Amino acid sequence: MRASTAGEPDRQPGVGFLRETVFSPGAGGGLIALHLPSGTYLSLDRTAAVIVGLLRQHGDARLAADALAARFDLSSERAEADVESVIAAMASQHAARKGRARRPTPTGMAQVTRAWWRLPARSRRAALRAGVVVAAVEIGLRVVDVARLARWIGAPLTMEPTSPPASARHDVHLLDASEREADAALAWVLARWSFDPTCLRRSLALGWFLRRRHPRLRLGLVPEDPPSAHAWLEADGALFNAVPVVAMFSTEPVLQHPRSA
């Protein structure tokens with residue numbers, strides 16, 4: 001059951017984006033905002049990051065503007081304009097999720113079919129199961145947000161504090177034979193899938209096959225330009241599809257340097 005409070009951000013007009021956005025520390029004391037439903041990123045400078053924190057704290061645009069004016073000695077009009085600008089930028093993240101799709105051709109489909117038929121019978125069955133799961137994940141990514149899809153799959157997205165992975169890990173050796181078979185089948189299917197074999201697709205699909213282990217989906221920030229997120233699974237103390245990340249995404253917009261300039 002979810003408790004409700006008077007200052008709960010997603011119950012206030014204009015700040016509903018807070019319930020579907022996660023944050024990671026960015027450059028210069030700013031934030032990287034990841035909008036989960038669309039998968040889009042927004043880089044926030046230090047001032048914008050402070051405003052997001054105030055919106056989170058007060059749950060109301062007017063109260064956040066008042067706090068911003070008091071903190072930086074701004075006029076009410078300037079503070080309100082700055083807050084509205086940040087809210088508008090966050091709202092712009094609600095763009096459609098993009099992905100580079102390869103258009104299937106008769107020749108390509110025939111090649112995939114021949115490659116599948118050359119697999120051992122057991123591997124063919126595993127590839128079929130993996131294909132069904134990958135297709136279900138693909139559909140899910142288009143109709144619901146990542147957090148909800150992860151819950152349905154049985155690998156809920158978690159934002160609990162943890163140390164970022166220090167190295168690449170895919171502890172497949174800790175899985176039983178059927179789980180290792182499913183992992184290999186997923187790799188085979190995703191290598192031939194029409195859309196990019198992203199870490200998110202792989203982690204969600206693998207989460208279905210590992211659901212008896214109660215896996216959790218994690219998101220971290222990869223130091224790239226532009227920044228990007230990486231998704232991996234954590235289950236029974238093991239990590240799957242993990243790579244080194246510089247920070248973890250969280251529902252709380254935690255700044256690297258709490259003191260304002």
# chains A, B, ... in the order shown; residues from 1 in each chain; ligands from 1
$ closest_atom_pairs --of "range 22-73 of chain A" --to "range 244-249 of chain A" --cutoff "6 Å" --atoms "only C-alpha atoms" --output "Markdown table"
| residue | atom | partner | partner_atom | distance |
| --- | --- | --- | --- | --- |
| A:Val22 | CA | A:Phe249 | CA | 5.8 |
| A:Phe23 | CA | A:Phe249 | CA | 5.0 |
| A:Ser24 | CA | A:Phe249 | CA | 4.6 |
$ atom_distance --atom1 "CA of Asp45 in chain A" --atom2 "CA of Leu31 in chain A"
6.7 Å
$ residues_around --residues "Ala115 in chain A" --least-positions-apart "3" --cutoff "12 Å" --atoms "only C-alpha atoms" --output "list of chain:residue names"
A:Gly108, A:Met109, A:Ala110, A:Gln111, A:Val112, A:Arg118, A:Leu119, A:Pro120, A:Ser123, A:Arg124, A:Ala127, A:Trp188, A:Val189, A:Arg192
$ atom_distance --atom1 "CA of Val50 in chain A" --atom2 "CA of Ala27 in chain A"
13.7 Å
$ closest_residue --among "A:Thr158, A:His173, A:Ala135, A:Arg148" --to "Arg202 in chain A" --atoms "only C-alpha atoms"
A:Ala135
$ select_by_dssp --residues "range 40-251 of chain A" --states "helix (DSSP H, G or I)" --output "PyMOL selection string"
chain A and resi 46-58+61-72+76-91+106-117+121-143+146-153+172-174+177-191+199-209+211-213
$ residues_around --residues "range 218-235 of chain A" --least-positions-apart "4" --cutoff "10 Å" --atoms "only C-alpha atoms" --output "ChimeraX atom specification"
/A:22-26,32,34,39-43,155-160,162,164-165,169-171,198-204,206-207,210-214,239-250
$ select_by_dssp --residues "range 32-94 of chain A" --states "strand (DSSP E)" --output "list of chain:residue names"
A:Ile32, A:Ala33, A:Leu34, A:His35, A:Thr40, A:Tyr41, A:Leu42, A:Ser43, A:Leu44
$ atom_distance --atom1 "CA of Val144 in chain A" --atom2 "CA of Leu190 in chain A"
20.9 Å
$ closest_residue --among "A:Ala191, A:Gln57, A:His35, A:Val133" --to "Val146 in chain A" --atoms "only C-alpha atoms"
A:His35
$ closest_residue --among "A:Ala205, A:Arg180, A:Leu44, A:Leu175" --to "Met90 in chain A" --atoms "only C-alpha atoms"
A:Leu44
